[in-house]
Amino acid sequence: MAYWLLKSEPFKYSWEQLEKDKKTFWDGVRNYAARNNLRAMKKGDLAFFYHSNEGLAIVGIVKIIKEAYQDPTTDEEAWVAVDVAPVKKLKKEVTLATIKATKQLQNIALVKQSRLSVQPVTADEWDTLVALAN
């Protein structure tokens, strides 16, 4: 299993909306590195749901329920989407400030490649973030 982080601006699509919808497709990615991360996702992988711009915090965990397919919001074949479903809301949000202040997370993509909307998370980073959320 691989781990990921998906960023969404809450005013566009929030954790609360995902919980209401029960599942969604993750679309609109127009960055090649982020697109490659979507393509690498496998059914059953887990991802953190991160509120970007407003909130700046990991708020929940989602599961990849459908692997990469043509992004339905464009006819350009280069772009893909995946389907995700909520697993659980975190007991305690993990803020960007906390992530930056945590030594074990100094190399996390969220800090090193902050503009990337779909990012890999290592198993050690995942475990550290889950511990911070409890």
# chains A, B, ... in the order shown; residues from 1 in each chain; ligands from 1

$ residues_around --residues "Asp27 of chain A" --least-positions-apart "3" --cutoff "9 Å" --atoms "only C-alpha atoms" --output "JSON, numbers by chain"
{"A": [30, 71, 72, 73, 79, 80, 81, 82, 83]}

$ select_by_dssp --residues "chain A" --states "helix (DSSP H, G or I)" --output "number ranges by chain"
A: 15-21, 32-40, 96-101, 103-105, 109-112, 123-133

$ write_last_selection --atoms "N, CA and C atoms" --output "CSV table (one decimal), in the first residue's frame"
chain,number,residue,atom,x,y,z
A,15,TRP,N,-13.8,18.7,3.2
A,15,TRP,CA,-13.9,17.4,3.9
A,15,TRP,C,-15.4,17.2,4.2
A,16,GLU,N,-16.1,18.2,4.7
A,16,GLU,CA,-17.5,18.1,5.0
A,16,GLU,C,-18.3,17.7,3.8
A,17,GLN,N,-18.0,18.3,2.7
A,17,GLN,CA,-18.7,18.0,1.4
A,17,GLN,C,-18.5,16.5,1.0
A,18,LEU,N,-17.2,16.1,1.2
A,18,LEU,CA,-16.9,14.7,0.8
A,18,LEU,C,-17.6,13.7,1.7
A,19,GLU,N,-17.7,14.0,3.0
A,19,GLU,CA,-18.5,13.2,3.9
A,19,GLU,C,-20.0,13.1,3.5
A,20,LYS,N,-20.5,14.2,3.1
A,20,LYS,CA,-21.9,14.3,2.6
A,20,LYS,C,-22.1,13.5,1.3
A,21,ASP,N,-21.1,13.6,0.4
A,21,ASP,CA,-21.2,12.9,-0.9
A,21,ASP,C,-20.9,11.4,-0.8
A,32,TYR,N,2.0,18.1,-14.3
A,32,TYR,CA,2.5,16.7,-14.7
A,32,TYR,C,2.9,15.9,-13.5
A,33,ALA,N,3.6,16.4,-12.5
A,33,ALA,CA,4.1,15.6,-11.4
A,33,ALA,C,2.9,15.2,-10.6
A,34,ALA,N,1.9,16.0,-10.3
A,34,ALA,CA,0.7,15.6,-9.6
A,34,ALA,C,-0.1,14.6,-10.4
A,35,ARG,N,-0.1,14.8,-11.7
A,35,ARG,CA,-0.8,13.8,-12.6
A,35,ARG,C,-0.1,12.4,-12.5
A,36,ASN,N,1.2,12.4,-12.5
A,36,ASN,CA,1.9,11.1,-12.4
A,36,ASN,C,1.6,10.5,-11.0
A,37,ASN,N,1.5,11.3,-10.0
A,37,ASN,CA,1.1,10.7,-8.7
A,37,ASN,C,-0.3,10.1,-8.7
A,38,LEU,N,-1.2,10.7,-9.4
A,38,LEU,CA,-2.6,10.1,-9.6
A,38,LEU,C,-2.5,8.8,-10.3
A,39,ARG,N,-1.7,8.8,-11.4
A,39,ARG,CA,-1.5,7.5,-12.1
A,39,ARG,C,-0.9,6.4,-11.3
A,40,ALA,N,-0.1,6.8,-10.3
A,40,ALA,CA,0.6,5.7,-9.5
A,40,ALA,C,-0.3,5.2,-8.4
A,96,LEU,N,-0.2,22.9,9.1
A,96,LEU,CA,1.0,23.0,8.4
A,96,LEU,C,2.1,23.5,9.4
A,97,ALA,N,1.8,24.4,10.3
A,97,ALA,CA,2.7,24.8,11.3
A,97,ALA,C,3.3,23.7,12.2
A,98,THR,N,2.4,22.8,12.6
A,98,THR,CA,2.8,21.6,13.3
A,98,THR,C,3.7,20.7,12.5
A,99,ILE,N,3.4,20.5,11.2
A,99,ILE,CA,4.2,19.7,10.3
A,99,ILE,C,5.6,20.3,10.2
A,100,LYS,N,5.6,21.6,9.9
A,100,LYS,CA,6.9,22.2,9.8
A,100,LYS,C,7.8,22.2,11.0
A,101,ALA,N,7.1,22.1,12.2
A,101,ALA,CA,7.9,22.1,13.5
A,101,ALA,C,8.2,20.7,13.9
A,103,LYS,N,10.3,17.4,13.5
A,103,LYS,CA,11.6,17.0,13.0
A,103,LYS,C,11.5,15.8,12.0
A,104,GLN,N,10.6,14.8,12.3
A,104,GLN,CA,10.5,13.7,11.4
A,104,GLN,C,9.8,14.0,10.1
A,105,LEU,N,9.3,15.2,10.0
A,105,LEU,CA,8.6,15.6,8.8
A,105,LEU,C,9.3,16.7,8.0
A,109,ALA,N,6.9,16.1,1.3
A,109,ALA,CA,6.6,16.9,0.1
A,109,ALA,C,5.8,18.1,0.4
A,110,LEU,N,4.9,18.1,1.4
A,110,LEU,CA,4.1,19.2,1.7
A,110,LEU,C,4.9,20.5,2.0
A,111,VAL,N,6.1,20.2,2.6
A,111,VAL,CA,7.0,21.3,2.9
A,111,VAL,C,8.0,21.6,1.7
A,112,LYS,N,8.5,20.5,1.2
A,112,LYS,CA,9.5,20.7,0.1
A,112,LYS,C,8.9,21.0,-1.3
A,123,ALA,N,5.8,5.9,4.4
A,123,ALA,CA,5.2,5.2,5.5
A,123,ALA,C,5.6,5.8,6.9
A,124,ASP,N,6.8,6.2,7.1
A,124,ASP,CA,7.2,6.9,8.3
A,124,ASP,C,6.5,8.2,8.5
A,125,GLU,N,6.4,9.0,7.4
A,125,GLU,CA,5.7,10.3,7.5
A,125,GLU,C,4.2,10.0,7.9
A,126,TRP,N,3.6,9.0,7.2
A,126,TRP,CA,2.2,8.7,7.5
A,126,TRP,C,2.0,8.3,9.0
A,127,ASP,N,2.9,7.5,9.5
A,127,ASP,CA,2.8,7.1,10.9
A,127,ASP,C,2.9,8.3,11.9
A,128,THR,N,3.9,9.2,11.5
A,128,THR,CA,4.1,10.4,12.3
A,128,THR,C,2.9,11.3,12.3
A,129,LEU,N,2.3,11.5,11.1
A,129,LEU,CA,1.1,12.3,11.0
A,129,LEU,C,-0.1,11.7,11.7
A,130,VAL,N,-0.3,10.4,11.6
A,130,VAL,CA,-1.4,9.8,12.3
A,130,VAL,C,-1.2,9.9,13.8
A,131,ALA,N,0.0,9.8,14.3
A,131,ALA,CA,0.3,9.9,15.8
A,131,ALA,C,0.0,11.4,16.2
A,132,LEU,N,0.3,12.4,15.4
A,132,LEU,CA,0.0,13.8,15.7
A,132,LEU,C,-1.5,14.0,15.7
A,133,ALA,N,-2.2,13.3,15.0
A,133,ALA,CA,-3.7,13.5,14.9
A,133,ALA,C,-4.4,12.9,16.0

$ closest_residue --among "A:Gly60, A:Pro120, A:Gly44, A:Gly55" --to "Phe11 of chain A" --atoms "only C-alpha atoms"
A:Gly55

$ closest_residue --among "A:Ala47, A:Ala68, A:Val29, A:Ile58" --to "Pro10 of chain A" --atoms "only C-alpha atoms"
A:Ile58

$ closest_residue --among "A:Glu9, A:Glu93, A:Asp75, A:Asp45" --to "Ala57 of chain A" --atoms "only C-alpha atoms"
A:Glu93

$ atom_distance --atom1 "atom CA of Lys89 of chain A" --atom2 "atom CA of Asn31 of chain A"
27.3 Å

$ closest_residue --among "A:Thr95, A:Thr102, A:Thr24, A:Gln119" --to "His51 of chain A" --atoms "only C-alpha atoms"
A:Thr95

$ atom_distance --atom1 "atom CA of Trp26 of chain A" --atom2 "atom CA of Ser114 of chain A"
18.5 Å

$ atom_distance --atom1 "atom CA of Met41 of chain A" --atom2 "atom CA of Thr122 of chain A"
13.5 Å
